[in-house]
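Reviewing the structure listed below.
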Amino acid sequence: MFNLFKKSNPEAPQDVKAIRELLLAAIKQELQKLEGGEGKHIKGLTLFIACLPAEKHRYESVVFVEDEDRFKNEIQRIADDFAIALPDSWTMQTTFIEELPADAVKLASLNAALHIKTPEHVIVTRSKTAYIRTLNGESEKKEYKITAESGKINIGREHKVQVSDGFFRINQIAFPDASENEANKFISRQHAHVEWDGDTGAFLLFADEGGIPPRNKVKIRSIGDHNPVKLNVTELGHVLQEGDQIILGELAVLEFSYLEVDNNQ
């Protein structure tokens with residue numbers, strides 16, 4: 001884990017106000033790229049900060065963690081000053097993590113990153129119906145049909161489980177605990193989920209609490225890409241594409257496809 005500011009920079013500010021001004025300036029720089037009316041498409045911002053545990057309280061003060069709307073209002077003021085027309089419904093979220101997600105925009109001079117959710121990330125899909133097949137591991141079914149109307153499709157060990165908050169979770173794609181298949185042992189009760197996102201026109205895969213480090217893992221490998229994408233935070237969804245392989249834990253593998261296969265199930 002690293003300091004929010006590069007330790008090699010002797011001029012890095014240490015007081016809360018100076019840090020906040022530097023952070024807001026970096027966010028402003030990213031927002032200015034959306035001038036010309038593009039700001040109106042923003043659905044929300046997620047700010048990721050990686051800092052030393054001993055310094056977390058300082059950066060919580062930087063972003064007014066106890067008053068979520070206050071930091072959002074600071075960003076709104078910047079947007080107004082630079083004529084970046086944000087919609088009334090845009091949201092702001094701040095998350096402290098150990099490692100910045102690869103899908104977010106790294107902010108200059110800071111160990112912080114920004115994710116801007118807009119419909120401009122649109123990926124055209126072939127349909128609102130897709131199929132998830134088990135390639136390795138033993139799930140209740142070999143193939144699952146999912147649609148835009150399916151809602152949140154949970155993936156995990158056992159069909160009905162009690163999770164850490166005491167509530168019960170239903171895994172629509174379930175890997176039985178009693179199975180002797182080695183792959184099932186590395187799947188968490190609340191490992192991941194898939195849901196349709198109307199803004200991007202695609203199915204998104206999210207890691208859940210049990211599927212992010214230091215627990216088990218969620219990785220995606222696309223056709224032709226030998227470098228898997230690792231999901232390290234629960235907030236960011238990964239757009240699923242034809243043929244994507246989803247690795248759960250160490251051995252279990254699912255395949256995502258828009259093409260139906262007659263497997264006589």
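Within each chain, counting starts at residue 1; across the structure tokens, chains are named A, B, ... in the order shown, with ligands numbered 1 upward in that order.
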
How close does stretch 135-220 of chain A get to stretch 102-117 of chain A? List, as a Markdown table, each residue of stretch 135-220 of chain A within 12 Å, its nearest atom pair and the distance in Å to one decimal, counting only C-alpha atoms.
| residue | atom | partner | partner_atom | distance |
| --- | --- | --- | --- | --- |
| A:Asp197 | CA | A:Lys117 | CA | 11.4 |
| A:Asp199 | CA | A:Lys117 | CA | 9.1 |
| A:Thr200 | CA | A:Lys117 | CA | 9.5 |

For the residues in that selection, give me C-alpha atoms as a PDB file, in the first residue's frame.
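So the final result, stored in result_37.pdb, reads:
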ATOM      1  CA  ASP A 197     -26.784  -2.581 -17.300  1.00  0.00           C
ATOM      2  CA  ASP A 199     -26.653   2.373 -19.827  1.00  0.00           C
ATOM      3  CA  THR A 200     -23.937   0.249 -21.425  1.00  0.00           C
TER       4      THR A 200
END

* Asked: as an MDAnalysis selection string, which residues of stretch 6-223 of chain A does DSSP assign to helix (DSSP H, G or I)?
  -> chainID A and resid 16:32 38:41 53:62 68:81 119:121 148:150 182:186 209:211

* Length of the atom CA of A:Ala207 to atom CA of A:Leu248 vector [Å] ->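 These two atoms are separated by 9.6 Å.
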
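Shortest atom-to-atom contact with A:Phe71 among A:Asp165, A:Glu21, A:Glu255, A:Glu182: A:Glu21, counting only C-alpha atoms.
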
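For the atom pair formed by atom CA of A:Glu235 and atom CA of A:Met92, the distance is 12.2 Å, given to one decimal.
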